[in-house]
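Everything below belongs to run.tsv, which stores TSV, C-alpha atoms (C1' of nucleotides).
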chain	number	residue	atom	x	y	z
Z	1	MET	CA	-28.03	19.18	0.59
Z	2	THR	CA	-25.31	19.86	3.11
Z	3	SER	CA	-25.45	16.96	5.54
Z	4	ILE	CA	-25.02	13.32	4.75
Z	5	PRO	CA	-28.17	11.36	5.65
Z	6	GLU	CA	-26.36	8.76	7.72
Z	7	ALA	CA	-27.72	6.95	10.71
Z	8	ARG	CA	-24.55	5.67	12.33
Z	9	TRP	CA	-22.10	8.37	11.30
Z	10	LEU	CA	-18.88	8.68	13.27
Z	11	ASP	CA	-18.92	11.10	16.17
Z	12	GLN	CA	-16.15	13.61	16.61
Z	13	ASP	CA	-13.91	11.43	18.77
Z	14	GLU	CA	-14.32	8.47	16.48
Z	15	ASN	CA	-13.54	10.66	13.54
Z	16	ARG	CA	-10.35	11.92	15.13
Z	17	THR	CA	-9.30	8.40	16.00
Z	18	TRP	CA	-10.03	7.12	12.53
Z	19	HIS	CA	-8.06	9.94	10.93
Z	20	ALA	CA	-5.10	9.28	13.21
Z	21	VAL	CA	-5.17	5.58	12.35
Z	22	TRP	CA	-5.45	6.45	8.70
Z	23	LYS	CA	-2.39	8.67	8.85
Z	24	LEU	CA	-0.46	6.01	10.69
Z	25	MET	CA	-1.33	3.45	8.03
Z	26	THR	CA	-0.39	5.90	5.31
Z	27	TRP	CA	2.91	7.12	6.61
Z	28	LEU	CA	4.51	4.53	8.84
Z	29	PRO	CA	5.01	1.88	6.15
Z	30	ALA	CA	6.22	4.53	3.72
Z	31	ARG	CA	8.87	5.69	6.17
Z	32	LEU	CA	10.10	2.22	7.02
Z	33	ASP	CA	10.24	1.31	3.36
Z	34	ALA	CA	12.17	4.48	2.59
Z	35	GLN	CA	14.70	3.78	5.34
Z	36	LEU	CA	15.33	0.26	4.05
Z	37	ARG	CA	15.65	1.35	0.44
Z	38	ALA	CA	18.04	4.15	1.31
Z	39	ASP	CA	20.23	2.18	3.70
Z	40	ALA	CA	20.02	-1.35	2.33
Z	41	GLY	CA	18.47	-1.27	-1.13
Z	42	LEU	CA	15.64	-3.48	0.08
Z	43	SER	CA	11.90	-2.99	0.02
Z	44	LEU	CA	10.00	-3.56	3.24
Z	45	ALA	CA	8.58	-6.72	1.71
Z	46	ASP	CA	12.06	-7.94	0.80
Z	47	TYR	CA	13.31	-7.29	4.30
Z	48	ASN	CA	10.39	-9.01	5.95
Z	49	ALA	CA	10.96	-12.09	3.85
Z	50	LEU	CA	14.67	-12.17	4.64
Z	51	ALA	CA	14.07	-11.59	8.32
Z	52	GLU	CA	11.44	-14.28	8.49
Z	53	ILE	CA	13.68	-16.82	6.80
Z	54	SER	CA	16.52	-15.93	9.12
Z	55	ALA	CA	14.28	-16.64	12.09
Z	56	ALA	CA	13.50	-20.17	10.88
Z	57	PRO	CA	15.41	-23.29	11.95
Z	58	ASP	CA	18.41	-23.84	9.66
Z	59	HIS	CA	17.49	-20.58	7.90
Z	60	THR	CA	15.10	-22.56	5.77
Z	61	VAL	CA	11.32	-22.32	5.26
Z	62	ARG	CA	8.65	-23.59	2.96
Z	63	LEU	CA	7.35	-20.79	0.74
Z	64	SER	CA	3.73	-21.27	1.69
Z	65	GLU	CA	4.67	-20.88	5.36
Z	66	LEU	CA	6.75	-17.86	4.55
Z	67	ALA	CA	3.83	-16.32	2.70
Z	68	ALA	CA	1.63	-16.78	5.75
Z	69	SER	CA	4.15	-15.40	8.23
Z	70	THR	CA	4.86	-12.34	6.14
Z	71	ASN	CA	1.21	-11.68	5.22
Z	72	MET	CA	2.07	-11.88	1.53
Z	73	THR	CA	0.20	-13.62	-1.24
Z	74	LEU	CA	2.07	-16.54	-2.74
Z	75	SER	CA	2.12	-14.59	-5.98
Z	76	HIS	CA	3.82	-11.63	-4.39
Z	77	LEU	CA	6.24	-13.80	-2.45
Z	78	SER	CA	7.22	-15.58	-5.63
Z	79	ARG	CA	8.38	-12.31	-7.14
Z	80	VAL	CA	10.17	-11.25	-4.00
Z	81	MET	CA	12.02	-14.54	-3.90
Z	82	SER	CA	13.02	-14.24	-7.53
Z	83	ARG	CA	14.60	-10.90	-6.78
Z	84	LEU	CA	16.34	-12.09	-3.62
Z	85	GLU	CA	17.59	-15.17	-5.41
Z	86	THR	CA	18.99	-13.08	-8.25
Z	87	LEU	CA	20.76	-10.93	-5.70
Z	88	GLY	CA	22.21	-14.05	-4.11
Z	89	TRP	CA	20.68	-13.66	-0.66
Z	90	VAL	CA	18.50	-16.74	-0.97
Z	91	VAL	CA	18.29	-20.05	-2.82
Z	92	ARG	CA	15.17	-22.05	-3.67
Z	93	TYR	CA	14.99	-25.78	-4.12
Z	94	PRO	CA	12.21	-28.35	-4.09
Z	95	ASP	CA	11.35	-29.90	-0.75
Z	96	PRO	CA	12.83	-33.43	-0.84
Z	97	THR	CA	9.91	-34.72	1.19
Z	98	ASP	CA	7.22	-33.15	-1.02
Z	99	GLY	CA	8.02	-32.18	-4.57
Z	100	ARG	CA	5.19	-29.66	-4.67
Z	101	SER	CA	6.68	-27.43	-2.02
Z	102	THR	CA	9.80	-25.41	-2.45
Z	103	LEU	CA	12.11	-24.43	0.37
Z	104	ALA	CA	13.77	-21.07	0.70
Z	105	HIS	CA	17.20	-21.07	2.30
Z	106	LEU	CA	19.21	-18.03	3.33
Z	107	THR	CA	22.72	-17.98	1.88
Z	108	ASP	CA	25.70	-16.81	3.94
Z	109	GLY	CA	25.50	-13.56	2.04
Z	110	GLY	CA	21.81	-13.32	2.83
Z	111	TRP	CA	22.47	-13.83	6.51
Z	112	ALA	CA	25.18	-11.19	6.40
Z	113	LYS	CA	22.70	-8.87	4.71
Z	114	VAL	CA	20.12	-9.41	7.45
Z	115	VAL	CA	22.72	-8.85	10.15
Z	116	ALA	CA	23.84	-5.66	8.48
Z	117	THR	CA	20.34	-4.39	7.84
Z	118	ALA	CA	18.36	-5.32	10.94
Z	119	PRO	CA	19.83	-2.73	13.34
Z	120	GLY	CA	18.90	0.17	11.10
Z	121	HIS	CA	15.42	-1.16	10.58
Z	122	VAL	CA	14.84	-1.76	14.27
Z	123	GLU	CA	16.15	1.69	14.92
Z	124	ALA	CA	13.58	3.09	12.51
Z	125	VAL	CA	10.77	1.14	14.17
Z	126	ARG	CA	11.86	2.62	17.48
Z	127	ARG	CA	12.16	6.12	16.11
Z	128	TYR	CA	8.70	6.17	14.56
Z	129	LEU	CA	6.87	3.94	16.98
Z	130	PHE	CA	8.21	3.12	20.42
Z	131	ASP	CA	10.28	6.20	21.14
Z	132	ASN	CA	7.11	8.25	20.96
Z	133	LEU	CA	5.05	6.10	23.29
Z	134	SER	CA	5.12	5.47	27.01
Z	135	ALA	CA	5.13	1.85	28.11
Z	136	GLU	CA	1.45	2.18	28.89
Z	137	GLU	CA	0.57	3.77	25.55
Z	138	SER	CA	2.58	1.12	23.78
Z	139	ARG	CA	0.74	-1.65	25.59
Z	140	ALA	CA	-2.62	-0.07	24.77
Z	141	LEU	CA	-1.69	0.36	21.13
Z	142	GLY	CA	-0.62	-3.26	20.91
Z	143	ALA	CA	-3.84	-4.49	22.46
Z	144	ALA	CA	-6.08	-2.37	20.26
Z	145	ALA	CA	-4.12	-3.16	17.11
Z	146	ALA	CA	-4.30	-6.87	17.84
Z	147	VAL	CA	-8.07	-6.79	18.16
Z	148	VAL	CA	-8.54	-4.74	15.02
Z	149	ALA	CA	-6.03	-6.80	13.05
Z	150	SER	CA	-7.87	-9.92	14.06
Z	151	ALA	CA	-11.20	-8.45	12.96
Z	152	ALA	CA	-9.74	-7.37	9.63
Z	153	ALA	CA	-7.78	-10.58	9.02
Z	154	PRO	CA	-8.49	-12.27	5.67
Z	155	THR	CA	-9.98	-15.70	6.34
Z	156	GLY	CA	-10.78	-16.06	10.01
Z	157	SER	CA	-7.01	-16.42	10.25
Z	158	ALA	CA	-6.51	-15.86	13.96
Z	159	ARG	CA	-3.08	-17.45	13.63
Z	160	GLU	CA	-0.71	-16.96	16.56
U	1	MET	CA	25.40	-17.70	14.00
U	2	THR	CA	22.00	-17.99	15.53
U	3	SER	CA	21.38	-14.70	17.27
U	4	ILE	CA	21.37	-11.28	15.70
U	5	PRO	CA	24.06	-9.06	17.20
U	6	GLU	CA	21.76	-6.18	17.94
U	7	ALA	CA	22.08	-3.77	20.81
U	8	ARG	CA	18.57	-2.30	20.92
U	9	TRP	CA	16.56	-5.25	19.65
U	10	LEU	CA	12.85	-5.27	20.40
U	11	ASP	CA	11.82	-7.06	23.54
U	12	GLN	CA	8.97	-9.55	23.50
U	13	ASP	CA	6.21	-7.06	24.27
U	14	GLU	CA	7.47	-4.58	21.72
U	15	ASN	CA	7.70	-7.34	19.19
U	16	ARG	CA	4.10	-8.37	19.79
U	17	THR	CA	2.94	-4.79	19.54
U	18	TRP	CA	4.89	-4.21	16.37
U	19	HIS	CA	3.48	-7.35	14.78
U	20	ALA	CA	-0.06	-6.35	15.72
U	21	VAL	CA	0.43	-2.89	14.24
U	22	TRP	CA	1.94	-4.47	11.14
U	23	LYS	CA	-1.07	-6.69	10.65
U	24	LEU	CA	-3.43	-3.79	11.17
U	25	MET	CA	-1.59	-1.79	8.52
U	26	THR	CA	-1.63	-4.75	6.18
U	27	TRP	CA	-5.22	-5.81	6.49
U	28	LEU	CA	-7.39	-2.89	7.48
U	29	PRO	CA	-6.84	-0.84	4.32
U	30	ALA	CA	-7.22	-3.96	2.19
U	31	ARG	CA	-10.59	-4.71	3.75
U	32	LEU	CA	-11.92	-1.20	3.42
U	33	ASP	CA	-10.74	-1.03	-0.16
U	34	ALA	CA	-12.39	-4.36	-0.92
U	35	GLN	CA	-15.69	-3.23	0.59
U	36	LEU	CA	-15.72	-0.07	-1.49
U	37	ARG	CA	-14.79	-1.86	-4.70
U	38	ALA	CA	-17.41	-4.52	-4.18
U	39	ASP	CA	-20.23	-2.20	-3.14
U	40	ALA	CA	-19.46	0.99	-5.04
U	41	GLY	CA	-16.77	0.28	-7.64
U	42	LEU	CA	-14.50	2.82	-5.98
U	43	SER	CA	-10.99	2.47	-4.62
U	44	LEU	CA	-10.32	3.72	-1.12
U	45	ALA	CA	-8.36	6.60	-2.62
U	46	ASP	CA	-11.26	7.47	-4.92
U	47	TYR	CA	-13.69	7.44	-2.03
U	48	ASN	CA	-11.48	9.58	0.18
U	49	ALA	CA	-11.17	12.16	-2.54
U	50	LEU	CA	-14.93	12.24	-3.15
U	51	ALA	CA	-15.69	12.39	0.57
U	52	GLU	CA	-13.21	15.18	1.12
U	53	ILE	CA	-14.62	17.26	-1.71
U	54	SER	CA	-18.13	16.71	-0.41
U	55	ALA	CA	-17.07	18.08	2.96
U	56	ALA	CA	-15.82	21.34	1.45
U	57	PRO	CA	-17.88	24.53	1.15
U	58	ASP	CA	-19.85	24.49	-2.10
U	59	HIS	CA	-18.48	21.00	-2.77
U	60	THR	CA	-15.42	22.64	-4.25
U	61	VAL	CA	-11.72	22.47	-3.33
U	62	ARG	CA	-8.35	23.38	-4.72
U	63	LEU	CA	-6.46	20.27	-5.77
U	64	SER	CA	-3.40	21.07	-3.71
U	65	GLU	CA	-5.56	21.34	-0.60
U	66	LEU	CA	-7.33	18.13	-1.49
U	67	ALA	CA	-3.99	16.38	-1.88
U	68	ALA	CA	-3.00	17.51	1.61
U	69	SER	CA	-6.27	16.53	3.26
U	70	THR	CA	-6.28	13.09	1.66
U	71	ASN	CA	-2.57	12.42	2.23
U	72	MET	CA	-2.06	11.90	-1.49
U	73	THR	CA	0.72	13.16	-3.71
U	74	LEU	CA	-0.43	15.68	-6.27
U	75	SER	CA	0.58	13.21	-8.92
U	76	HIS	CA	-1.63	10.49	-7.50
U	77	LEU	CA	-4.51	12.86	-6.97
U	78	SER	CA	-4.23	14.01	-10.56
U	79	ARG	CA	-4.83	10.45	-11.78
U	80	VAL	CA	-7.65	9.89	-9.31
U	81	MET	CA	-9.36	13.05	-10.47
U	82	SER	CA	-9.01	12.03	-14.10
U	83	ARG	CA	-10.85	8.83	-13.32
U	84	LEU	CA	-13.55	10.52	-11.26
U	85	GLU	CA	-14.01	13.14	-13.95
U	86	THR	CA	-14.38	10.49	-16.63
U	87	LEU	CA	-17.00	8.80	-14.49
U	88	GLY	CA	-18.82	12.11	-14.16
U	89	TRP	CA	-18.62	12.45	-10.39
U	90	VAL	CA	-16.38	15.51	-10.51
U	91	VAL	CA	-15.43	18.40	-12.75
U	92	ARG	CA	-12.15	20.32	-12.82
U	93	TYR	CA	-11.70	23.91	-13.89
U	94	PRO	CA	-9.02	26.55	-13.36
U	95	ASP	CA	-9.32	28.74	-10.28
U	96	PRO	CA	-10.55	32.14	-11.56
U	97	THR	CA	-8.49	33.90	-8.90
U	98	ASP	CA	-5.26	32.03	-9.64
U	99	GLY	CA	-4.74	30.36	-12.98
U	100	ARG	CA	-2.15	27.97	-11.58
U	101	SER	CA	-4.61	26.25	-9.29
U	102	THR	CA	-7.46	24.08	-10.42
U	103	LEU	CA	-10.65	23.57	-8.50
U	104	ALA	CA	-12.43	20.27	-8.14
U	105	HIS	CA	-16.19	20.43	-7.88
U	106	LEU	CA	-18.53	17.56	-7.07
U	107	THR	CA	-21.31	17.09	-9.62
U	108	ASP	CA	-24.83	16.21	-8.56
U	109	GLY	CA	-24.08	12.66	-9.60
U	110	GLY	CA	-20.92	12.72	-7.52
U	111	TRP	CA	-22.84	13.92	-4.50
U	112	ALA	CA	-25.41	11.18	-5.03
U	113	LYS	CA	-22.57	8.69	-5.25
U	114	VAL	CA	-21.10	9.85	-1.95
U	115	VAL	CA	-24.49	9.73	-0.27
U	116	ALA	CA	-25.06	6.23	-1.57
U	117	THR	CA	-21.58	4.99	-0.68
U	118	ALA	CA	-20.79	6.60	2.66
U	119	PRO	CA	-23.08	4.49	4.86
U	120	GLY	CA	-21.53	1.23	3.72
U	121	HIS	CA	-18.03	2.58	4.19
U	122	VAL	CA	-18.74	3.94	7.65
U	123	GLU	CA	-20.32	0.63	8.49
U	124	ALA	CA	-17.11	-1.12	7.44
U	125	VAL	CA	-15.00	1.23	9.54
U	126	ARG	CA	-17.20	0.40	12.49
U	127	ARG	CA	-17.12	-3.31	11.83
U	128	TYR	CA	-13.34	-3.53	11.60
U	129	LEU	CA	-12.40	-0.79	14.02
U	130	PHE	CA	-14.81	0.63	16.56
U	131	ASP	CA	-17.10	-2.32	17.11
U	132	ASN	CA	-14.11	-4.24	18.45
U	133	LEU	CA	-12.93	-1.58	20.87
U	134	SER	CA	-14.24	-0.22	24.14
U	135	ALA	CA	-14.49	3.55	24.42
U	136	GLU	CA	-11.33	3.50	26.47
U	137	GLU	CA	-9.42	1.32	24.01
U	138	SER	CA	-10.61	3.49	21.18
U	139	ARG	CA	-9.40	6.62	22.91
U	140	ALA	CA	-6.01	5.04	23.64
U	141	LEU	CA	-5.66	3.86	20.06
U	142	GLY	CA	-6.44	7.31	18.75
U	143	ALA	CA	-3.92	8.95	21.05
U	144	ALA	CA	-1.14	6.50	20.22
U	145	ALA	CA	-1.85	6.58	16.51
U	146	ALA	CA	-1.82	10.37	16.49
U	147	VAL	CA	1.60	10.49	18.10
U	148	VAL	CA	3.06	7.87	15.79
U	149	ALA	CA	1.46	9.42	12.72
U	150	SER	CA	2.95	12.74	13.65
U	151	ALA	CA	6.40	11.18	14.08
U	152	ALA	CA	6.13	9.43	10.74
U	153	ALA	CA	4.63	12.37	8.87
U	154	PRO	CA	6.47	13.44	5.73
U	155	THR	CA	7.74	17.00	6.17
U	156	GLY	CA	7.20	18.17	9.72
U	157	SER	CA	3.57	18.31	8.59
U	158	ALA	CA	1.88	18.49	11.97
U	159	ARG	CA	-1.18	19.92	10.29
U	160	GLU	CA	-4.37	19.90	12.39
O	1	DT	C1'	-3.53	-48.44	-9.99
O	2	DG	C1'	-5.19	-44.83	-12.26
O	3	DA	C1'	-8.36	-40.84	-13.13
O	4	DG	C1'	-9.78	-36.63	-10.72
O	5	DA	C1'	-9.20	-33.42	-7.08
O	6	DT	C1'	-5.88	-30.78	-4.31
O	7	DT	C1'	-1.76	-28.44	-3.10
O	8	DA	C1'	2.01	-25.39	-4.11
O	9	DC	C1'	3.97	-22.49	-6.88
O	10	DT	C1'	4.80	-19.53	-11.13
O	11	DT	C1'	3.52	-16.47	-14.68
O	12	DT	C1'	0.74	-13.22	-17.30
O	13	DC	C1'	-1.90	-9.33	-17.31
O	14	DC	C1'	-3.31	-5.24	-15.34
O	15	DG	C1'	-4.26	-1.23	-12.20
O	16	DC	C1'	-2.32	1.60	-8.66
O	17	DG	C1'	0.92	4.93	-7.04
O	18	DT	C1'	5.66	7.21	-7.18
O	19	DC	C1'	9.43	9.86	-9.13
O	20	DA	C1'	11.19	12.84	-12.36
O	21	DA	C1'	10.46	15.87	-16.06
O	22	DG	C1'	7.50	19.10	-18.58
O	23	DT	C1'	3.92	22.95	-18.89
O	24	DT	C1'	1.48	26.88	-17.57
O	25	DT	C1'	0.66	30.62	-14.63
O	26	DT	C1'	1.97	33.79	-11.07
O	27	DC	C1'	5.13	36.23	-7.98
O	28	DG	C1'	9.40	39.04	-6.69
O	29	DG	C1'	12.72	42.14	-7.47
O	30	DT	C1'	14.70	45.72	-10.14
W	1	DA	C1'	7.61	46.20	-17.70
W	2	DC	C1'	10.63	42.19	-17.67
W	3	DC	C1'	13.26	38.12	-16.24
W	4	DG	C1'	14.17	34.45	-13.15
W	5	DA	C1'	12.12	31.69	-9.54
W	6	DA	C1'	8.38	29.38	-7.59
W	7	DA	C1'	3.78	27.23	-7.48
W	8	DA	C1'	0.39	23.99	-9.24
W	9	DC	C1'	-0.60	20.74	-11.70
W	10	DT	C1'	0.03	16.85	-15.67
W	11	DT	C1'	2.34	13.21	-17.97
W	12	DG	C1'	5.71	9.39	-19.06
W	13	DA	C1'	8.11	5.65	-17.36
W	14	DC	C1'	8.55	2.35	-14.02
W	15	DG	C1'	8.05	-0.94	-9.99
W	16	DC	C1'	4.92	-3.06	-6.79
W	17	DG	C1'	1.36	-6.18	-5.80
W	18	DG	C1'	-3.15	-8.71	-6.80
W	19	DA	C1'	-6.31	-11.89	-9.41
W	20	DA	C1'	-6.64	-15.47	-12.41
W	21	DA	C1'	-4.86	-18.91	-15.25
W	22	DG	C1'	-1.17	-22.29	-16.02
W	23	DT	C1'	2.00	-26.08	-14.45
W	24	DA	C1'	3.77	-29.75	-11.79
W	25	DA	C1'	3.59	-32.88	-8.01
W	26	DT	C1'	0.83	-35.49	-4.69
W	27	DC	C1'	-3.40	-37.39	-2.63
W	28	DT	C1'	-7.74	-39.86	-2.68
W	29	DC	C1'	-10.36	-43.66	-3.29
W	30	DA	C1'	-12.89	-46.53	-6.13
For the file at hand, write its structure as structure tokens.
Amino acid sequence: MTSIPEARWLDQDENRTWHAVWKLMTWLPARLDAQLRADAGLSLADYNALAEISAAPDHTVRLSELAASTNMTLSHLSRVMSRLETLGWVVRYPDPTDGRSTLAHLTDGGWAKVVATAPGHVEAVRRYLFDNLSAEESRALGAAAAVVASAAAPTGSARE
Amino acid sequence: MTSIPEARWLDQDENRTWHAVWKLMTWLPARLDAQLRADAGLSLADYNALAEISAAPDHTVRLSELAASTNMTLSHLSRVMSRLETLGWVVRYPDPTDGRSTLAHLTDGGWAKVVATAPGHVEAVRRYLFDNLSAEESRALGAAAAVVASAAAPTGSARE
DNA sequence: TGAGATTACTTTCCGCGTCAAGTTTTCGGT
DNA sequence: ACCGAAAACTTGACGCGGAAAGTAATCTCA
């Protein structure tokens, strides 16, 4: 009545690792989100969408592509875009070459917002992530995370 | 108008690492949550709470301690416990030694639920995490995650 | 060329989780 | 012994994000 009857339970090292990963997943996004909200009034999802659009040719992307590159559902992205459009950072219009698709285009104000916001966000990523890791640790983290991310990806989506 | 004027931008390796970590944080919790919901009708938060109580002496813990060990806010935990209590897995009662605190105690049904659910969850953790990593990669991931988690922890909480 | 299937969103409904405020109990100082 | 402060929750209000259903445009192919 005191031990769990489990064949492949985690050993002590695995348990430590899993707890560390769990804490990382719990706290890192919360911190980055908090930084963006405090300094730019944007959620992490908002920022990712803006940043991803700004990285596209002509600052324009199809929503379905944007959803894929930001790891958002189309449903979620739709809401994010509504907000960003209301705020004037983005405009949506139907793709002239395919009326089903809609294109998202960064406005000048949106671009200015990204330019103003990116440094602080990158700074936060450094503060919480890279500043605490040696080059070697960073490389190892990247490699391990990539493998795990690929294993946990939704539909065999090994994109990239 | 095409490059972001950023002094300490991420280099290519850092960018890849950051994206891999981002995907891990996006997908791993979603997968584990989905497994638990499908197989046990529990959210990941529910399961963590149950598991943590089951690990305590006499299957009993103070809520504030439980909140700390599960990385939940007291507010969130309060709602989780309401659910679990309604389902009959847990009971709450005031701490006899300090009327402010309340103790959570796993019922027999709750213990049975943990016993029935844990193997599948551990299996999922293995499938998405450890089965994809060598011992060395696993160790490196744990070390890096621990450092980052500690840097991103809420209030200098370097507990453990 | 004209259904029926598909693609690409959008919207509605709902649960989860947070913040802020409220309640109860205990502690600290006089 | 009493009053103010602190601790430990609980609750109300709110935003985020997902699943499923709805809508509009485009393809498929007979």
Chain Z contacts to chain O at 8 Å (all atoms listed in the file) as a compact mmCIF listing (two decimals) with C-alpha atoms, keeping the file's coordinate frame:
# COMPACT_ATOMS: atom_id res chain seq x y z
CA SER Z 64 3.73 -21.27 1.69
CA LEU Z 74 2.07 -16.54 -2.74
CA SER Z 75 2.12 -14.59 -5.98
CA SER Z 78 7.22 -15.58 -5.63
CA ARG Z 100 5.19 -29.66 -4.67
CA SER Z 101 6.68 -27.43 -2.02
CA THR Z 102 9.80 -25.41 -2.45
Next on the checklist: Report, in Å to a single decimal, how far apart atom CA of U:Met25 and atom CA of Z:Phe130 are.
Outcome noted: 16.2 Å
Next on the checklist: Just want the 9 Å neighbourhood of U:Leu84, counted on all atoms listed in the file, with same-chain residues fewer than 6 positions away dropped. Output as a ChimeraX atom specification.
Outcome noted: /U:46,50,90-91,110
Write out, as a PDB file, keeping the file's coordinate frame, the residues just selected, with C-alpha atoms.
ATOM      1  CA  ASP U  46     -11.260   7.470  -4.920  1.00  0.00           C
ATOM      2  CA  LEU U  50     -14.930  12.240  -3.150  1.00  0.00           C
ATOM      3  CA  VAL U  90     -16.380  15.510 -10.510  1.00  0.00           C
ATOM      4  CA  VAL U  91     -15.430  18.400 -12.750  1.00  0.00           C
ATOM      5  CA  GLY U 110     -20.920  12.720  -7.520  1.00  0.00           C
TER       6      GLY U 110
END
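Interface residues on chain U toward chain W (cut-off 12 Å, all atoms listed in the file): Ala30, Ala34, Arg62, Leu63, Ser64, Glu65, Ala67, Thr73, Leu74, Ser75, His76, Leu77, Ser78, Arg79, Met81, Ser82, Arg92, Tyr93, Pro94, Asp95, Asp98, Gly99, Arg100, Ser101, Thr102 and Leu103 of chain U.
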Checklist entry - Which residues of chain U are close to chain Z, meaning at most 6 Å apart when you count all atoms listed in the file, and how do they look as a VMD selection string? => result chain U and resid 17 20 to 21 23 to 25 27 to 28 128 to 129 141 to 142 145 to 146 148 to 149 151 to 153
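Going from atom CA of Z:Asp108 to atom CA of Z:Ala51 covers 13.5 Å.
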Checklist entry - Could you work out how far atom CA of U:Val80 lies from atom CA of U:Ala68, giving the answer in Å with one decimal? => result 14.1 Å
Please give the centre and size of the box around stretch 4-17 of chain W (axis-aligned, containing every atom listed in the file, 5 Å added per side), with values in Å to one decimal and written as lines of an AutoDock Vina configuration file.
center_x = 6.8
center_y = 14.1
center_z = -12.4
size_x = 24.8
size_y = 50.6
size_z = 23.3
